[in-house]
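Chemist: Right, I'll just put the structure down here and ask away after.
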Amino acid sequence: MKSQLRSKPALVLINTLVVGVLALAACGAPAATQVPTVMPAATAMAEPTIAPTAMAAITDANTVGAVAMADSQFSTLVELVIAADLTAVLNGPGPITVFAPTNEAFAKLPAATLAALKADPALLAQVLTYHVLPAKVTSTDITGMGGMGNPATANGAMVNVTTINGSVYVNDAKVTTADVPADNGVIHIIDTVLIPPDMLDAATIGGAAMASPQFNTLSMLVTLADLGPVLKDPAATLTVFAPTDEAFAKLPKETVDALIADPEALKKVLLYHVLGSIVSSEDIVGMGGSATPETVNGATVDVTTRDGAVYVNDAMVVTADIKVGNGIIHAIDTVLLPPDMR
């Protein structure tokens, strides 16, 4: 899915961890605030949309499955768990942690994506097990580890846990309610369905960036600038020159602090990294290796090829052509500053 530029930089989007091993290690991010541990209010169960015998299979004791079954906001999740034949996972001895998308979270998915999942039980199981950790991890555990980490899921791939402005995120999904208890583990309610790393064609630029630890600073700033909806719009066609954490580390701390304190200036800088159309490395080569495309900010960037590498202004593209559902990402090693902010 990812083609390389002439310099053939290595694509490092997501680190693979061993299933069953959690590594919620501190990454030097700002101190995290513990996610509220408010229990969801009891609600009446929605009218069943699946066979009662199938529903009964998921309601053993006070398991994660039983808790989900008793709450109508998880009716889509429960239906899909049964369709994927994963009731034993949620009803097993555990301990497990489940990042549970609500019905509203599933409603955010394009209808075609949800239909494809329902039509393919194996693919559906791959997505659902990406929401499960094979250990009990509470919000206190996350806070105690600095609010960040990259635990392995039951799917085998890792998720990227971050804390932004006091809220915990799992990839691009915000934890809206934490620490819902069950006999065999714990549930954290999330507002977005998690897309595994080998299904990037169904992901968005915002989702893919927040799933990758190399873009943690970028993801934090995008969230603070309220630009998440722009990069997560499934109907968009965008190119993002994405500075890595190392790129942001090159900036003086006072510069980053000033941007955080000024949302309009922050938006201006971030949108200078975005093109309103998809431009791949092949497109750049087809332009003769140089171009001056206009960014969403309104100013242009200079794209050039030097010594076999592609540069955007003075930023070198270190990983090219990370293709997702609503565009393409090129990782760069330097933050781009608009002409009137240099």
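Residues in the structure tokens are named by chain (A, B, ... in the order shown) and by number from 1 within that chain; ligands are numbered from 1 in the order shown.
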I'd like the neighbourhood of A:Ala202 as a list in words, where a residue qualifies if any of its atoms comes within 12 Å (using only C-alpha atoms), though same-chain residues fewer than 4 positions away should be ignored.

Modeler: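 Returned residues: Leu109, Pro110, Ala111, Ala112, Thr113, Leu114, Ala116, Leu117, Val127, Val193, Leu194, Ile195, Pro196, Pro197, Asp198, Gly206, Gly207, Ala208, Lys232, Asp233, Pro234, Ala235, Lys323, Val324, Gly325, Asn326 and Gly327 of chain A.
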
Chemist: Within 12 Å of A:Pro338, counting only C-alpha atoms, which residues qualify if same-chain residues fewer than 4 places away don't, as a list in words?

Modeler: Ala265, Leu266, Lys267, Lys268, Val269, Leu270, Leu271, Tyr272, His273, Val274, Glu294, Thr295, Val296, Asn297, Gly298, Ala299, Thr300, Val301, Asp302, Val312, Asn313 and Arg342 of chain A

Chemist: To test your reading of the structure, identify every residue in stretch 63-254 of chain A that backbone DSSP assigns to strand (DSSP E or B), and report it as a PyMOL selection string.

Modeler: chain A and resi 96-101+132-133+149+152+158+161-164+167-170+173-182+185-190+238-243

Chemist: Could you please take those selected residues and save C-alpha atoms as a CSV table (one decimal), in the first residue's frame?

Modeler:
```
chain,number,residue,atom,x,y,z
A,96,ILE,CA,-9.8,-8.2,29.4
A,97,THR,CA,-10.2,-4.5,28.6
A,98,VAL,CA,-12.7,-3.6,26.0
A,99,PHE,CA,-12.8,-0.2,24.2
A,100,ALA,CA,-16.5,-0.3,23.4
A,101,PRO,CA,-17.8,1.9,20.6
A,132,VAL,CA,-9.8,-5.8,23.1
A,133,LEU,CA,-6.7,-5.9,25.4
A,149,GLY,CA,1.4,3.8,25.6
A,152,ALA,CA,-1.0,-5.0,21.9
A,158,MET,CA,-1.1,-2.3,18.8
A,161,VAL,CA,-3.0,5.5,23.8
A,162,THR,CA,-2.5,9.2,24.3
A,163,THR,CA,-3.8,11.9,26.7
A,164,ILE,CA,-4.7,15.3,25.2
A,167,SER,CA,-8.8,13.3,27.9
A,168,VAL,CA,-7.6,9.8,27.0
A,169,TYR,CA,-7.6,8.8,23.3
A,170,VAL,CA,-7.2,5.3,21.8
A,173,ALA,CA,-11.3,7.5,19.6
A,174,LYS,CA,-12.0,9.6,22.7
A,175,VAL,CA,-12.8,7.7,25.9
A,176,THR,CA,-16.1,9.3,26.9
A,177,THR,CA,-16.6,7.1,30.0
A,178,ALA,CA,-13.9,5.0,31.7
A,179,ASP,CA,-13.8,2.1,34.1
A,180,VAL,CA,-17.2,0.5,33.6
A,181,PRO,CA,-16.6,-2.6,35.8
A,182,ALA,CA,-17.3,-6.3,34.9
A,185,GLY,CA,-12.4,-7.0,33.2
A,186,VAL,CA,-13.3,-3.4,32.4
A,187,ILE,CA,-15.0,-1.4,29.7
A,188,HIS,CA,-13.9,2.1,28.4
A,189,ILE,CA,-16.6,3.6,26.2
A,190,ILE,CA,-15.3,5.3,23.1
A,238,LEU,CA,-6.4,15.5,1.0
A,239,THR,CA,-2.6,15.3,1.1
A,240,VAL,CA,-0.9,16.0,4.4
A,241,PHE,CA,2.8,16.6,4.9
A,242,ALA,CA,2.9,15.2,8.5
A,243,PRO,CA,5.8,16.3,10.7
```

Chemist: I need the residue nearest A:Gly146 from this list: A:Asp71, A:Gly166, A:Phe248, A:Pro134. Use only C-alpha atoms for the distance.

Modeler: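 For A:Gly146, the nearest of the candidates is A:Gly166.
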
Chemist: What does the structure give for the distance between atom CA of A:Thr255 and atom CA of A:Met341, in Å to one decimal?

Modeler: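 According to the coordinates, atom CA of A:Thr255 and atom CA of A:Met341 are separated by 11.0 Å.
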
Chemist: Which of these residues is nearest to A:Leu86, using only C-alpha atoms: A:Ala331, A:Ser290, A:Thr129, A:Glu254?

Modeler: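 Among A:Ala331, A:Ser290, A:Thr129, A:Glu254, it is A:Thr129 that comes nearest to A:Leu86.
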
Chemist: Which one of A:Asp283, A:Asp262, A:Asp172, A:Glu104 sits closest to A:Gly228 if you count only C-alpha atoms?

Modeler: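 Nearest to A:Gly228: A:Asp172.
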
Chemist: With distances taken over only C-alpha atoms, which residue among A:Val89, A:Ala83, A:Ile260, A:Met148 lies nearest A:Thr63?

Modeler: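 Smallest separation from A:Thr63 among the options: A:Val89.
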
Chemist: Which of these residues is nearest to A:Thr192, using only C-alpha atoms: A:Ala105, A:Ala115, A:Val137, A:Met210?

Modeler: A:Ala105

Chemist: Hey, what does DSSP flag as helix (DSSP H, G or I) within stretch 240-277 of chain A? Can you give it to me as a list in words?

Modeler: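 Of stretch 240-277 of chain A, the ones in helix (DSSP H, G or I) are Asp245, Glu246, Ala247, Phe248, Ala249, Lys253, Glu254, Thr255, Val256, Asp257, Ala258, Leu259, Ile260, Ala261, Pro263, Glu264, Ala265, Leu266, Lys267, Lys268, Val269, Leu270 and Leu271 of chain A.
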
Chemist: Which residue, A:Leu259, A:Leu80, A:Ala66, A:Val230, has the smallest gap to A:Lys118 when you use only C-alpha atoms?

Modeler: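 Closest candidate: A:Leu80.
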
Chemist: Could you pull the residues within 12 Å of A:Lys250, counting only C-alpha atoms, minus those fewer than 6 positions along the same chain, as a PyMOL selection string?

Modeler: chain A and resi 243-244+256+315+333-336

Chemist: Restricting the output to N, CA and C atoms, write the selected residues as a tab-separated table (two decimals), in the first residue's frame.

Modeler:
```tsv
chain	number	residue	atom	x	y	z
A	243	PRO	N	4.54	16.32	9.96
A	243	PRO	CA	5.78	16.34	10.73
A	243	PRO	C	5.77	15.27	11.82
A	244	THR	N	6.88	14.57	11.96
A	244	THR	CA	7.00	13.57	13.02
A	244	THR	C	7.24	14.27	14.36
A	256	VAL	N	6.45	26.33	20.20
A	256	VAL	CA	5.33	25.39	20.34
A	256	VAL	C	4.34	25.91	21.37
A	315	ALA	N	11.79	20.83	4.28
A	315	ALA	CA	11.48	19.57	4.98
A	315	ALA	C	11.64	18.39	4.03
A	333	ASP	N	10.43	15.63	8.00
A	333	ASP	CA	11.33	15.73	9.15
A	333	ASP	C	11.46	17.13	9.72
A	334	THR	N	10.68	18.08	9.20
A	334	THR	CA	10.75	19.47	9.67
A	334	THR	C	9.36	20.09	9.59
A	335	VAL	N	8.99	20.88	10.57
A	335	VAL	CA	7.70	21.58	10.56
A	335	VAL	C	7.75	22.71	9.54
A	336	LEU	N	6.68	22.84	8.75
A	336	LEU	CA	6.59	23.91	7.75
A	336	LEU	C	6.00	25.17	8.39
```
